[in-house]
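For reference, protein.pdb (PDB, C-alpha atoms and all ligand atoms):
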MODEL        1
ATOM      1  CA  MET L  17       0.000   0.000   0.000  1.00  0.00           C
ATOM      2  CA  HIS L  18       3.074   2.246   0.000  1.00  0.00           C
ATOM      3  CA  HIS L  19       1.964   3.836  -3.264  1.00  0.00           C
ATOM      4  CA  ILE L  20      -1.475   4.819  -1.963  1.00  0.00           C
ATOM      5  CA  PRO L  21      -0.629   8.145  -0.252  1.00  0.00           C
ATOM      6  CA  SER L  22       1.111   9.472  -3.344  1.00  0.00           C
ATOM      7  CA  LEU L  23      -1.675   8.178  -5.545  1.00  0.00           C
ATOM      8  CA  LEU L  24      -4.265  10.038  -3.482  1.00  0.00           C
ATOM      9  CA  ASP L  25      -2.132  13.139  -3.660  1.00  0.00           C
ATOM     10  CA  ARG L  26      -2.098  12.913  -7.439  1.00  0.00           C
ATOM     11  CA  LEU L  27      -5.893  12.701  -7.503  1.00  0.00           C
ATOM     12  CA  ARG L  28      -6.448  15.588  -5.084  1.00  0.00           C
ATOM     13  CA  GLY L  29      -8.407  18.418  -6.710  1.00  0.00           C
ATOM     14  CA  ARG L  30      -8.471  16.710 -10.094  1.00  0.00           C
ATOM     15  CA  LEU L  31     -11.023  15.606 -12.653  1.00  0.00           C
ATOM     16  CA  VAL L  32     -11.131  11.882 -13.356  1.00  0.00           C
ATOM     17  CA  VAL L  33     -12.781  10.956 -16.630  1.00  0.00           C
ATOM     18  CA  SER L  34     -14.703   7.700 -16.842  1.00  0.00           C
ATOM     19  CA  CYS L  35     -14.182   6.051 -20.233  1.00  0.00           C
ATOM     20  CA  GLN L  36     -16.591   3.172 -20.681  1.00  0.00           C
ATOM     21  CA  ALA L  37     -18.520   1.639 -23.560  1.00  0.00           C
ATOM     22  CA  ARG L  38     -20.593  -1.497 -23.238  1.00  0.00           C
ATOM     23  CA  VAL L  39     -20.590  -4.418 -25.672  1.00  0.00           C
ATOM     24  CA  GLY L  40     -22.763  -3.394 -28.616  1.00  0.00           C
ATOM     25  CA  GLU L  41     -21.980   0.319 -28.359  1.00  0.00           C
ATOM     26  CA  PRO L  42     -20.029   1.681 -31.348  1.00  0.00           C
ATOM     27  CA  LEU L  43     -17.119   2.789 -29.142  1.00  0.00           C
ATOM     28  CA  HIS L  44     -16.775  -0.554 -27.363  1.00  0.00           C
ATOM     29  CA  GLY L  45     -13.210  -1.852 -27.472  1.00  0.00           C
ATOM     30  CA  SER L  46      -9.872  -1.068 -25.902  1.00  0.00           C
ATOM     31  CA  ALA L  47      -8.502   0.907 -28.848  1.00  0.00           C
ATOM     32  CA  HIS L  48     -11.454   3.292 -28.752  1.00  0.00           C
ATOM     33  CA  MET L  49     -11.351   3.602 -24.970  1.00  0.00           C
ATOM     34  CA  THR L  50      -7.621   4.277 -25.009  1.00  0.00           C
ATOM     35  CA  ALA L  51      -8.160   7.037 -27.564  1.00  0.00           C
ATOM     36  CA  MET L  52     -10.940   8.406 -25.377  1.00  0.00           C
ATOM     37  CA  ALA L  53      -8.683   8.323 -22.308  1.00  0.00           C
ATOM     38  CA  LEU L  54      -5.853  10.059 -24.142  1.00  0.00           C
ATOM     39  CA  SER L  55      -8.291  12.717 -25.354  1.00  0.00           C
ATOM     40  CA  ALA L  56      -9.433  13.309 -21.775  1.00  0.00           C
ATOM     41  CA  ILE L  57      -5.831  13.518 -20.626  1.00  0.00           C
ATOM     42  CA  ALA L  58      -5.074  16.008 -23.392  1.00  0.00           C
ATOM     43  CA  GLY L  59      -7.889  18.109 -21.962  1.00  0.00           C
ATOM     44  CA  GLY L  60      -6.397  18.044 -18.472  1.00  0.00           C
ATOM     45  CA  ALA L  61      -7.901  14.992 -16.773  1.00  0.00           C
ATOM     46  CA  GLY L  62      -5.886  13.915 -13.748  1.00  0.00           C
ATOM     47  CA  GLY L  63      -6.975  10.296 -13.848  1.00  0.00           C
ATOM     48  CA  ILE L  64      -9.092   7.782 -15.725  1.00  0.00           C
ATOM     49  CA  ARG L  65     -11.806   5.415 -14.574  1.00  0.00           C
ATOM     50  CA  CYS L  66     -12.261   2.451 -16.898  1.00  0.00           C
ATOM     51  CA  GLU L  67     -14.003  -0.883 -17.108  1.00  0.00           C
ATOM     52  CA  GLY L  68     -12.818  -4.426 -17.687  1.00  0.00           C
ATOM     53  CA  PRO L  69      -9.314  -5.925 -17.503  1.00  0.00           C
ATOM     54  CA  GLU L  70      -8.716  -5.425 -21.235  1.00  0.00           C
ATOM     55  CA  ASP L  71      -9.407  -1.699 -21.165  1.00  0.00           C
ATOM     56  CA  VAL L  72      -7.480  -1.295 -17.905  1.00  0.00           C
ATOM     57  CA  ARG L  73      -4.466  -3.034 -19.435  1.00  0.00           C
ATOM     58  CA  ALA L  74      -4.613  -1.002 -22.647  1.00  0.00           C
ATOM     59  CA  ILE L  75      -5.026   2.332 -20.887  1.00  0.00           C
ATOM     60  CA  ARG L  76      -2.315   1.403 -18.354  1.00  0.00           C
ATOM     61  CA  ASN L  77       0.054   0.970 -21.288  1.00  0.00           C
ATOM     62  CA  ALA L  78      -0.866   4.422 -22.567  1.00  0.00           C
ATOM     63  CA  THR L  79      -0.583   6.548 -19.410  1.00  0.00           C
ATOM     64  CA  ASP L  80       1.030   6.719 -15.990  1.00  0.00           C
ATOM     65  CA  LEU L  81      -1.841   8.765 -14.557  1.00  0.00           C
ATOM     66  CA  PRO L  82      -3.920   7.224 -11.746  1.00  0.00           C
ATOM     67  CA  LEU L  83      -6.333   4.564 -13.003  1.00  0.00           C
ATOM     68  CA  ILE L  84      -9.505   3.542 -11.225  1.00  0.00           C
ATOM     69  CA  GLY L  85     -10.540   0.164 -12.603  1.00  0.00           C
ATOM     70  CA  LEU L  86     -13.773  -1.742 -12.289  1.00  0.00           C
ATOM     71  CA  TRP L  87     -15.453  -4.727 -13.900  1.00  0.00           C
ATOM     72  CA  LYS L  88     -19.145  -4.614 -14.676  1.00  0.00           C
ATOM     73  CA  VAL L  89     -20.897  -7.972 -14.626  1.00  0.00           C
ATOM     74  CA  GLY L  90     -24.499  -7.691 -15.790  1.00  0.00           C
ATOM     75  CA  HIS L  91     -26.715  -4.658 -15.262  1.00  0.00           C
ATOM     76  CA  GLU L  92     -28.613  -5.359 -12.079  1.00  0.00           C
ATOM     77  CA  GLY L  93     -28.008  -5.769  -8.386  1.00  0.00           C
ATOM     78  CA  VAL L  94     -24.337  -5.920  -7.436  1.00  0.00           C
ATOM     79  CA  TYR L  95     -22.733  -5.519 -10.874  1.00  0.00           C
ATOM     80  CA  ILE L  96     -19.749  -3.229 -10.261  1.00  0.00           C
ATOM     81  CA  THR L  97     -16.817  -5.565  -9.572  1.00  0.00           C
ATOM     82  CA  PRO L  98     -19.103  -7.994  -7.753  1.00  0.00           C
ATOM     83  CA  THR L  99     -16.575 -10.467  -6.371  1.00  0.00           C
ATOM     84  CA  LEU L 100     -13.118 -10.491  -4.830  1.00  0.00           C
ATOM     85  CA  GLU L 101     -11.847 -12.464  -7.832  1.00  0.00           C
ATOM     86  CA  HIS L 102     -13.015  -9.772 -10.274  1.00  0.00           C
ATOM     87  CA  ALA L 103     -11.369  -7.086  -8.148  1.00  0.00           C
ATOM     88  CA  VAL L 104      -8.037  -8.920  -8.016  1.00  0.00           C
ATOM     89  CA  GLN L 105      -8.030  -9.325 -11.792  1.00  0.00           C
ATOM     90  CA  VAL L 106      -8.714  -5.614 -12.321  1.00  0.00           C
ATOM     91  CA  ALA L 107      -5.800  -4.783 -10.027  1.00  0.00           C
ATOM     92  CA  GLU L 108      -3.547  -7.259 -11.844  1.00  0.00           C
ATOM     93  CA  ALA L 109      -4.459  -5.560 -15.124  1.00  0.00           C
ATOM     94  CA  GLY L 110      -2.904  -2.372 -13.792  1.00  0.00           C
ATOM     95  CA  ALA L 111      -5.541  -0.371 -11.906  1.00  0.00           C
ATOM     96  CA  ASP L 112      -4.236   1.739  -9.012  1.00  0.00           C
ATOM     97  CA  LEU L 113      -7.586   1.634  -7.257  1.00  0.00           C
ATOM     98  CA  VAL L 114     -10.313  -0.919  -7.804  1.00  0.00           C
ATOM     99  CA  ALA L 115     -13.873   0.375  -7.625  1.00  0.00           C
ATOM    100  CA  ILE L 116     -16.281  -2.114  -6.082  1.00  0.00           C
ATOM    101  CA  ASP L 117     -19.978  -2.069  -5.248  1.00  0.00           C
ATOM    102  CA  ALA L 118     -19.994  -1.159  -1.564  1.00  0.00           C
ATOM    103  CA  THR L 119     -23.737  -1.078  -0.996  1.00  0.00           C
ATOM    104  CA  ALA L 120     -25.303  -3.094   1.805  1.00  0.00           C
ATOM    105  CA  ARG L 121     -26.605  -5.690  -0.664  1.00  0.00           C
ATOM    106  CA  GLN L 122     -25.648  -9.358  -0.663  1.00  0.00           C
ATOM    107  CA  ARG L 123     -22.617 -10.101  -2.823  1.00  0.00           C
ATOM    108  CA  PRO L 124     -22.644 -12.951  -5.346  1.00  0.00           C
ATOM    109  CA  ASP L 125     -19.545 -14.687  -3.900  1.00  0.00           C
ATOM    110  CA  GLY L 126     -21.044 -14.753  -0.405  1.00  0.00           C
ATOM    111  CA  ARG L 127     -18.285 -12.558   1.052  1.00  0.00           C
ATOM    112  CA  THR L 128     -19.283  -9.580   3.132  1.00  0.00           C
ATOM    113  CA  LEU L 129     -18.119  -6.124   2.107  1.00  0.00           C
ATOM    114  CA  ASP L 130     -15.766  -6.086   5.113  1.00  0.00           C
ATOM    115  CA  GLU L 131     -14.209  -9.409   4.093  1.00  0.00           C
ATOM    116  CA  THR L 132     -13.827  -8.202   0.509  1.00  0.00           C
ATOM    117  CA  ILE L 133     -12.149  -4.932   1.480  1.00  0.00           C
ATOM    118  CA  ALA L 134      -9.908  -6.712   3.999  1.00  0.00           C
ATOM    119  CA  ALA L 135      -8.815  -9.282   1.412  1.00  0.00           C
ATOM    120  CA  LEU L 136      -7.984  -6.521  -1.082  1.00  0.00           C
ATOM    121  CA  THR L 137      -6.090  -4.300   1.332  1.00  0.00           C
ATOM    122  CA  GLU L 138      -4.115  -7.341   2.566  1.00  0.00           C
ATOM    123  CA  ARG L 139      -2.955  -7.751  -1.019  1.00  0.00           C
ATOM    124  CA  GLY L 140      -1.983  -4.080  -1.180  1.00  0.00           C
ATOM    125  CA  ILE L 141      -4.868  -3.222  -3.489  1.00  0.00           C
ATOM    126  CA  GLY L 142      -6.521   0.183  -2.987  1.00  0.00           C
ATOM    127  CA  VAL L 143     -10.311   0.225  -2.949  1.00  0.00           C
ATOM    128  CA  MET L 144     -12.796   2.815  -4.172  1.00  0.00           C
ATOM    129  CA  ALA L 145     -16.061   2.011  -2.398  1.00  0.00           C
ATOM    130  CA  ASP L 146     -18.954   2.863  -4.720  1.00  0.00           C
ATOM    131  CA  VAL L 147     -21.846   3.654  -2.377  1.00  0.00           C
ATOM    132  CA  SER L 148     -25.403   4.937  -2.628  1.00  0.00           C
ATOM    133  CA  THR L 149     -25.979   6.307   0.886  1.00  0.00           C
ATOM    134  CA  LEU L 150     -24.225   7.978   3.795  1.00  0.00           C
ATOM    135  CA  ASP L 151     -24.504   4.864   5.980  1.00  0.00           C
ATOM    136  CA  GLU L 152     -22.866   2.718   3.300  1.00  0.00           C
ATOM    137  CA  GLY L 153     -20.049   5.240   2.975  1.00  0.00           C
ATOM    138  CA  ILE L 154     -19.437   5.254   6.713  1.00  0.00           C
ATOM    139  CA  ALA L 155     -19.441   1.439   6.777  1.00  0.00           C
ATOM    140  CA  ALA L 156     -17.047   1.236   3.835  1.00  0.00           C
ATOM    141  CA  ALA L 157     -14.623   3.729   5.355  1.00  0.00           C
ATOM    142  CA  ARG L 158     -14.743   1.818   8.635  1.00  0.00           C
ATOM    143  CA  ALA L 159     -14.035  -1.411   6.729  1.00  0.00           C
ATOM    144  CA  GLY L 160     -10.858   0.121   5.333  1.00  0.00           C
ATOM    145  CA  ALA L 161     -11.819   1.481   1.904  1.00  0.00           C
ATOM    146  CA  THR L 162      -9.172   3.794   0.475  1.00  0.00           C
ATOM    147  CA  VAL L 163     -11.711   6.264  -0.917  1.00  0.00           C
ATOM    148  CA  VAL L 164     -15.501   6.448  -0.960  1.00  0.00           C
ATOM    149  CA  GLY L 165     -17.462   7.435  -4.079  1.00  0.00           C
ATOM    150  CA  THR L 166     -21.075   8.498  -4.581  1.00  0.00           C
ATOM    151  CA  THR L 167     -21.260   6.413  -7.772  1.00  0.00           C
ATOM    152  CA  LEU L 168     -24.304   4.324  -6.862  1.00  0.00           C
ATOM    153  CA  SER L 169     -26.554   7.056  -5.503  1.00  0.00           C
ATOM    154  CA  GLY L 170     -29.594   6.966  -7.778  1.00  0.00           C
ATOM    155  CA  TYR L 171     -28.958   3.437  -8.978  1.00  0.00           C
ATOM    156  CA  THR L 172     -30.285   1.250  -6.161  1.00  0.00           C
ATOM    157  CA  PRO L 173     -33.939   0.439  -5.388  1.00  0.00           C
ATOM    158  CA  ASP L 174     -33.776   2.811  -2.393  1.00  0.00           C
ATOM    159  CA  THR L 175     -32.226   5.736  -4.241  1.00  0.00           C
ATOM    160  CA  THR L 176     -33.782   5.750  -7.707  1.00  0.00           C
ATOM    161  CA  GLY L 177     -35.367   8.786  -9.289  1.00  0.00           C
ATOM    162  CA  ALA L 178     -32.585  11.318  -8.760  1.00  0.00           C
ATOM    163  CA  SER L 179     -31.881  13.637 -11.669  1.00  0.00           C
ATOM    164  CA  GLY L 180     -28.781  15.742 -10.973  1.00  0.00           C
ATOM    165  CA  PRO L 181     -25.652  14.748  -9.067  1.00  0.00           C
ATOM    166  CA  ASP L 182     -26.027  13.899  -5.360  1.00  0.00           C
ATOM    167  CA  VAL L 183     -24.035  16.841  -4.009  1.00  0.00           C
ATOM    168  CA  ALA L 184     -25.781  16.492  -0.641  1.00  0.00           C
ATOM    169  CA  LEU L 185     -24.319  13.002  -0.285  1.00  0.00           C
ATOM    170  CA  VAL L 186     -20.855  14.333  -1.152  1.00  0.00           C
ATOM    171  CA  ALA L 187     -21.200  16.911   1.637  1.00  0.00           C
ATOM    172  CA  ALA L 188     -22.574  14.419   4.156  1.00  0.00           C
ATOM    173  CA  LEU L 189     -19.814  11.906   3.439  1.00  0.00           C
ATOM    174  CA  ALA L 190     -17.107  14.557   3.563  1.00  0.00           C
ATOM    175  CA  ALA L 191     -18.322  15.521   7.039  1.00  0.00           C
ATOM    176  CA  ALA L 192     -18.565  11.939   8.256  1.00  0.00           C
ATOM    177  CA  VAL L 193     -15.564   9.983   6.970  1.00  0.00           C
ATOM    178  CA  ASP L 194     -11.866  10.635   7.124  1.00  0.00           C
ATOM    179  CA  VAL L 195     -10.995   9.092   3.766  1.00  0.00           C
ATOM    180  CA  PRO L 196     -11.200  11.044   0.496  1.00  0.00           C
ATOM    181  CA  VAL L 197     -14.693  11.392  -0.962  1.00  0.00           C
ATOM    182  CA  ILE L 198     -15.021  11.088  -4.725  1.00  0.00           C
ATOM    183  CA  ALA L 199     -18.055  12.723  -6.329  1.00  0.00           C
ATOM    184  CA  GLU L 200     -19.366  10.616  -9.189  1.00  0.00           C
ATOM    185  CA  GLY L 201     -22.625  10.242 -11.051  1.00  0.00           C
ATOM    186  CA  ARG L 202     -24.711  12.484 -13.322  1.00  0.00           C
ATOM    187  CA  ILE L 203     -22.315  15.417 -13.345  1.00  0.00           C
ATOM    188  CA  GLN L 204     -23.236  17.002 -16.647  1.00  0.00           C
ATOM    189  CA  ARG L 205     -21.890  20.540 -16.476  1.00  0.00           C
ATOM    190  CA  PRO L 206     -18.719  22.251 -15.245  1.00  0.00           C
ATOM    191  CA  GLY L 207     -20.690  24.162 -12.591  1.00  0.00           C
ATOM    192  CA  GLN L 208     -21.853  20.891 -11.061  1.00  0.00           C
ATOM    193  CA  LEU L 209     -18.243  19.745 -10.803  1.00  0.00           C
ATOM    194  CA  ALA L 210     -17.387  22.990  -9.007  1.00  0.00           C
ATOM    195  CA  ALA L 211     -20.326  22.433  -6.624  1.00  0.00           C
ATOM    196  CA  ALA L 212     -19.055  18.933  -5.844  1.00  0.00           C
ATOM    197  CA  PHE L 213     -15.612  20.296  -4.950  1.00  0.00           C
ATOM    198  CA  ASP L 214     -17.260  23.002  -2.831  1.00  0.00           C
ATOM    199  CA  ALA L 215     -19.152  20.244  -1.007  1.00  0.00           C
ATOM    200  CA  GLY L 216     -15.880  18.594  -0.040  1.00  0.00           C
ATOM    201  CA  ALA L 217     -14.994  16.241  -2.890  1.00  0.00           C
ATOM    202  CA  TRP L 218     -11.350  15.162  -3.084  1.00  0.00           C
ATOM    203  CA  ALA L 219     -11.720  14.423  -6.793  1.00  0.00           C
ATOM    204  CA  VAL L 220     -14.627  14.389  -9.227  1.00  0.00           C
ATOM    205  CA  VAL L 221     -15.421  11.692 -11.790  1.00  0.00           C
ATOM    206  CA  VAL L 222     -17.291  12.649 -14.947  1.00  0.00           C
ATOM    207  CA  GLY L 223     -18.303   9.988 -17.441  1.00  0.00           C
ATOM    208  CA  GLY L 224     -21.132  10.294 -19.911  1.00  0.00           C
ATOM    209  CA  ALA L 225     -21.052  14.075 -20.272  1.00  0.00           C
ATOM    210  CA  ILE L 226     -17.581  13.683 -21.775  1.00  0.00           C
ATOM    211  CA  THR L 227     -17.323  10.163 -23.134  1.00  0.00           C
ATOM    212  CA  ARG L 228     -20.773   9.079 -24.338  1.00  0.00           C
ATOM    213  CA  PRO L 229     -21.331  10.810 -27.674  1.00  0.00           C
ATOM    214  CA  ALA L 230     -24.620   8.977 -28.291  1.00  0.00           C
ATOM    215  CA  SER L 231     -26.235  10.399 -25.153  1.00  0.00           C
ATOM    216  CA  ILE L 232     -24.641  13.816 -25.676  1.00  0.00           C
ATOM    217  CA  THR L 233     -26.134  13.797 -29.186  1.00  0.00           C
ATOM    218  CA  ALA L 234     -29.504  12.675 -27.846  1.00  0.00           C
ATOM    219  CA  GLY L 235     -29.541  15.683 -25.507  1.00  0.00           C
ATOM    220  CA  PHE L 236     -29.223  18.011 -28.486  1.00  0.00           C
ATOM    221  CA  VAL L 237     -31.725  16.074 -30.555  1.00  0.00           C
ATOM    222  CA  GLU L 238     -34.267  16.282 -27.733  1.00  0.00           C
ATOM    223  CA  ALA L 239     -33.890  20.067 -27.811  1.00  0.00           C
ATOM    224  CA  ILE L 240     -35.066  20.282 -31.416  1.00  0.00           C
ATOM    225  CA  PRO L 241     -38.453  22.077 -31.273  1.00  0.00           C
ATOM    226  CA  ALA L 242     -41.372  19.895 -32.389  1.00  0.00           C
ATOM    227  CA  ASP L 243     -42.202  22.329 -35.196  1.00  0.00           C
ATOM    228  CA  ALA L 244     -38.610  23.040 -36.264  1.00  0.00           C
ATOM    229  CA  GLY L 245     -38.967  21.207 -39.575  1.00  0.00           C
ATOM    230  CA  ARG L 246     -42.273  22.847 -40.446  1.00  0.00           C
ATOM    231  CA  ARG L 247     -41.031  26.361 -39.625  1.00  0.00           C
ATOM    232  CA  ALA L 248     -37.895  25.839 -41.659  1.00  0.00           C
ATOM    233  CA  ALA L 249     -39.992  24.724 -44.647  1.00  0.00           C
ATOM    234  CA  GLU L 250     -42.302  27.716 -44.280  1.00  0.00           C
ATOM    235  CA  ARG L 251     -39.363  30.036 -44.598  1.00  0.00           C
ATOM    236  CA  GLY L 252     -39.336  28.814 -48.160  1.00  0.00           C
ATOM    237  CA  ARG L 253     -35.716  28.103 -48.765  1.00  0.00           C
ATOM    238  CA  LEU L 254     -36.217  24.627 -50.188  1.00  0.00           C
ATOM    239  CA  HIS L 255     -34.430  24.359 -53.534  1.00  0.00           C
ATOM    240  CA  VAL L 256     -36.303  21.316 -54.743  1.00  0.00           C
TER     241      VAL L 256
HETATM  242  C1  LIG L 301     -24.203   3.502 -11.893  1.00  0.00           C
HETATM  243  C2  LIG L 301     -23.083   2.998 -12.770  1.00  0.00           C
HETATM  244  O1  LIG L 301     -23.123   1.885 -13.235  1.00  0.00           O
HETATM  245  N1  LIG L 301     -22.051   3.839 -12.967  1.00  0.00           N
HETATM  246  C3  LIG L 301     -20.951   3.463 -13.791  1.00  0.00           C
HETATM  247  C4  LIG L 301     -19.765   3.296 -12.974  1.00  0.00           C
HETATM  248  O2  LIG L 301     -18.657   3.136 -13.326  1.00  0.00           O
HETATM  249  C5  LIG L 301     -20.809   4.246 -15.065  1.00  0.00           C
HETATM  250  O3  LIG L 301     -21.769   3.726 -15.956  1.00  0.00           O
HETATM  251  C6  LIG L 301     -20.966   5.777 -15.003  1.00  0.00           C
HETATM  252  O4  LIG L 301     -20.821   6.268 -16.310  1.00  0.00           O
HETATM  253  C7  LIG L 301     -19.958   6.456 -14.101  1.00  0.00           C
HETATM  254  O5  LIG L 301     -20.301   6.220 -12.774  1.00  0.00           O
HETATM  255  C8  LIG L 301     -19.850   7.973 -14.294  1.00  0.00           C
HETATM  256  O6  LIG L 301     -21.083   8.576 -14.126  1.00  0.00           O
HETATM  257  P1  LIG L 301     -21.676   9.548 -15.234  1.00  0.00           P
HETATM  258  O7  LIG L 301     -21.551   8.853 -16.553  1.00  0.00           O
HETATM  259  O8  LIG L 301     -23.100   9.780 -14.808  1.00  0.00           O
HETATM  260  O9  LIG L 301     -20.857  10.816 -15.189  1.00  0.00           O
ENDMDL
END
Reformat the file's structure so that it appears as structure tokens.
Amino acid sequence: MHHIPSLLDRLRGRLVVSCQARVGEPLHGSAHMTAMALSAIAGGAGGIRCEGPEDVRAIRNATDLPLIGLWKVGHEGVYITPTLEHAVQVAEAGADLVAIDATARQRPDGRTLDETIAALTERGIGVMADVSTLDEGIAAARAGATVVGTTLSGYTPDTTGASGPDVALVAALAAAVDVPVIAEGRIQRPGQLAAAFDAGAWAVVVGGAITRPASITAGFVEAIPADAGRRAAERGRLHV
């Protein structure tokens, strides 16, 4: 764990960009995600969050900046790095911190969160605890998590329905735990990132607003007025 203090120092006050594309998305694949990561770094990102051992390995080969790795298995329940074995493989692929689901839900390998965090820290692997509530963050910090992130707020049965980022959770965690708090989830605009830092975030992770061109495009498309086509035609500039 000797590298952890300097790693945290390198993340302090920085933007981490999450570069992820699921199977079936046009940008899926390590070459695309490495290009995405390098683009984010060119823009000033201080770290990268990425998914799956292949992408972690590829991006590790492309940068020395801090890497937060995870492994998504499925879409429901505990799907962010669900087992100890997944976490170890993400670390072996080159992640500096491994993000794991740190909610109070039952884990598929039968290990408790405490056992999982203990087994990782014994191996010298730093843990980002992805939580959805204050209580989960406190429990994860107590169990020895290296950092706590708000990643899962809005994505559990008890916390669904949120629209913007959970800045209140960032503030509550920052007041309650003595490990760094990472703000993550639904940060769409620079002002929201600033608000997360003001609330006490150590670092801020932004994903989709930077790295998901399909949803960025959809946001613009949704803004097209319903009568835009008709009004344009009425202006009579059709050369047909
Ligand atoms: C809930 C979940 O599965 N979150 C995932 C965690 O890695 C990613 O799908 C998100 O993109 C990431 O957390 C960044 O958030 P946003 O893309 O909203 O900036």
>> What would the selection look like, as a PyMOL selection string, if the PyMOL selection byres (((chain L and resi 199-216) around 7) and not hetatm) were run on the coordinates I just shared?
In response: chain L and resi 165-167+180-181+183+186-187+190+197-198+217-222+225
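The interatomic distance for the pair atom CA of Asp130 of chain L and atom CA of Ile154 of chain L works out to 12.0 Å.
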>> Residues contacting ligand LIG 301 (chain L) - anything with an atom at most 9 Å away, using all atoms listed in the file - can you give me those as a VMD selection string?
In response: chain L and resid 33 to 37 65 to 67 85 to 88 91 95 to 96 115 146 166 to 172 181 200 to 204 221 to 228
Would you write out those residues with C-alpha atoms, as a CSV table (one decimal), keeping the file's coordinate frame?
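Saved file out.csv follows:
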chain,number,residue,atom,x,y,z
L,33,VAL,CA,-12.8,11.0,-16.6
L,34,SER,CA,-14.7,7.7,-16.8
L,35,CYS,CA,-14.2,6.1,-20.2
L,36,GLN,CA,-16.6,3.2,-20.7
L,37,ALA,CA,-18.5,1.6,-23.6
L,65,ARG,CA,-11.8,5.4,-14.6
L,66,CYS,CA,-12.3,2.5,-16.9
L,67,GLU,CA,-14.0,-0.9,-17.1
L,85,GLY,CA,-10.5,0.2,-12.6
L,86,LEU,CA,-13.8,-1.7,-12.3
L,87,TRP,CA,-15.5,-4.7,-13.9
L,88,LYS,CA,-19.1,-4.6,-14.7
L,91,HIS,CA,-26.7,-4.7,-15.3
L,95,TYR,CA,-22.7,-5.5,-10.9
L,96,ILE,CA,-19.7,-3.2,-10.3
L,115,ALA,CA,-13.9,0.4,-7.6
L,146,ASP,CA,-19.0,2.9,-4.7
L,166,THR,CA,-21.1,8.5,-4.6
L,167,THR,CA,-21.3,6.4,-7.8
L,168,LEU,CA,-24.3,4.3,-6.9
L,169,SER,CA,-26.6,7.1,-5.5
L,170,GLY,CA,-29.6,7.0,-7.8
L,171,TYR,CA,-29.0,3.4,-9.0
L,172,THR,CA,-30.3,1.2,-6.2
L,181,PRO,CA,-25.7,14.7,-9.1
L,200,GLU,CA,-19.4,10.6,-9.2
L,201,GLY,CA,-22.6,10.2,-11.1
L,202,ARG,CA,-24.7,12.5,-13.3
L,203,ILE,CA,-22.3,15.4,-13.3
L,204,GLN,CA,-23.2,17.0,-16.6
L,221,VAL,CA,-15.4,11.7,-11.8
L,222,VAL,CA,-17.3,12.6,-14.9
L,223,GLY,CA,-18.3,10.0,-17.4
L,224,GLY,CA,-21.1,10.3,-19.9
L,225,ALA,CA,-21.1,14.1,-20.3
L,226,ILE,CA,-17.6,13.7,-21.8
L,227,THR,CA,-17.3,10.2,-23.1
L,228,ARG,CA,-20.8,9.1,-24.3
Let me know the centre plus edge lengths, in Å and rounded to one decimal, of a box with edges along x, y and z that contains all listed atoms of segment 54-71 of chain L and is padded by 5 Å on every side, as JSON.
{"center_x": -9.5, "center_y": 6.1, "center_z": -19.6, "size_x": 18.9, "size_y": 34.0, "size_z": 21.6}
> Mind pulling up the distance from atom CA of Leu31 of chain L to atom CA of Gly63 of chain L?
Replying inline: 6.8 Å
The PyMOL selection byres (((chain L and resi 50) around 10) and not hetatm) - which residues does that actually catch in the file I just gave you? List them as a PDB file with C-alpha atoms, in the frame of the given file.
ATOM      1  CA  CYS L  35     -14.182   6.051 -20.233  1.00  0.00           C
ATOM      2  CA  GLY L  45     -13.210  -1.852 -27.472  1.00  0.00           C
ATOM      3  CA  SER L  46      -9.872  -1.068 -25.902  1.00  0.00           C
ATOM      4  CA  ALA L  47      -8.502   0.907 -28.848  1.00  0.00           C
ATOM      5  CA  HIS L  48     -11.454   3.292 -28.752  1.00  0.00           C
ATOM      6  CA  MET L  49     -11.351   3.602 -24.970  1.00  0.00           C
ATOM      7  CA  ALA L  51      -8.160   7.037 -27.564  1.00  0.00           C
ATOM      8  CA  MET L  52     -10.940   8.406 -25.377  1.00  0.00           C
ATOM      9  CA  ALA L  53      -8.683   8.323 -22.308  1.00  0.00           C
ATOM     10  CA  LEU L  54      -5.853  10.059 -24.142  1.00  0.00           C
ATOM     11  CA  SER L  55      -8.291  12.717 -25.354  1.00  0.00           C
ATOM     12  CA  ALA L  56      -9.433  13.309 -21.775  1.00  0.00           C
ATOM     13  CA  CYS L  66     -12.261   2.451 -16.898  1.00  0.00           C
ATOM     14  CA  ASP L  71      -9.407  -1.699 -21.165  1.00  0.00           C
ATOM     15  CA  VAL L  72      -7.480  -1.295 -17.905  1.00  0.00           C
ATOM     16  CA  ARG L  73      -4.466  -3.034 -19.435  1.00  0.00           C
ATOM     17  CA  ALA L  74      -4.613  -1.002 -22.647  1.00  0.00           C
ATOM     18  CA  ILE L  75      -5.026   2.332 -20.887  1.00  0.00           C
ATOM     19  CA  ARG L  76      -2.315   1.403 -18.354  1.00  0.00           C
ATOM     20  CA  ASN L  77       0.054   0.970 -21.288  1.00  0.00           C
ATOM     21  CA  ALA L  78      -0.866   4.422 -22.567  1.00  0.00           C
ATOM     22  CA  THR L  79      -0.583   6.548 -19.410  1.00  0.00           C
TER      23      THR L  79
END
> So how far away is atom CA of Leu129 of chain L from atom CA of Gly153 of chain L, in Å?
Replying inline: 11.6 Å
> What would the list of residues within 12 Å of (-24.8, -7.5, -1.5) (file frame) look like as number ranges by chain, if all atoms listed in the file are what count?
Replying inline: L: 92-99, 116-130, 132, 147, 152, 172
> In terms of the shortest atom-to-atom distance over only C-alpha atoms, which of L:Ala248, L:Ala230, L:Met144, L:Leu100 is closest to Leu43 of chain L?
Replying inline: L:Ala230
> Around (-3.7, -1.1, -10.5) in the file's own coordinates, what residues are found within 12 Å if you use all atoms listed in the file, given back as a PyMOL selection string?
Replying inline: chain L and resi 17+19-20+23+64-66+69+72-73+75-77+80-86+103-115+136+139-144
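Between Ala178 of chain L and the candidates L:Ala155, L:Ser148, L:Arg247, L:Pro42, the tightest atom-to-atom separation, counting only C-alpha atoms, involves L:Ser148.
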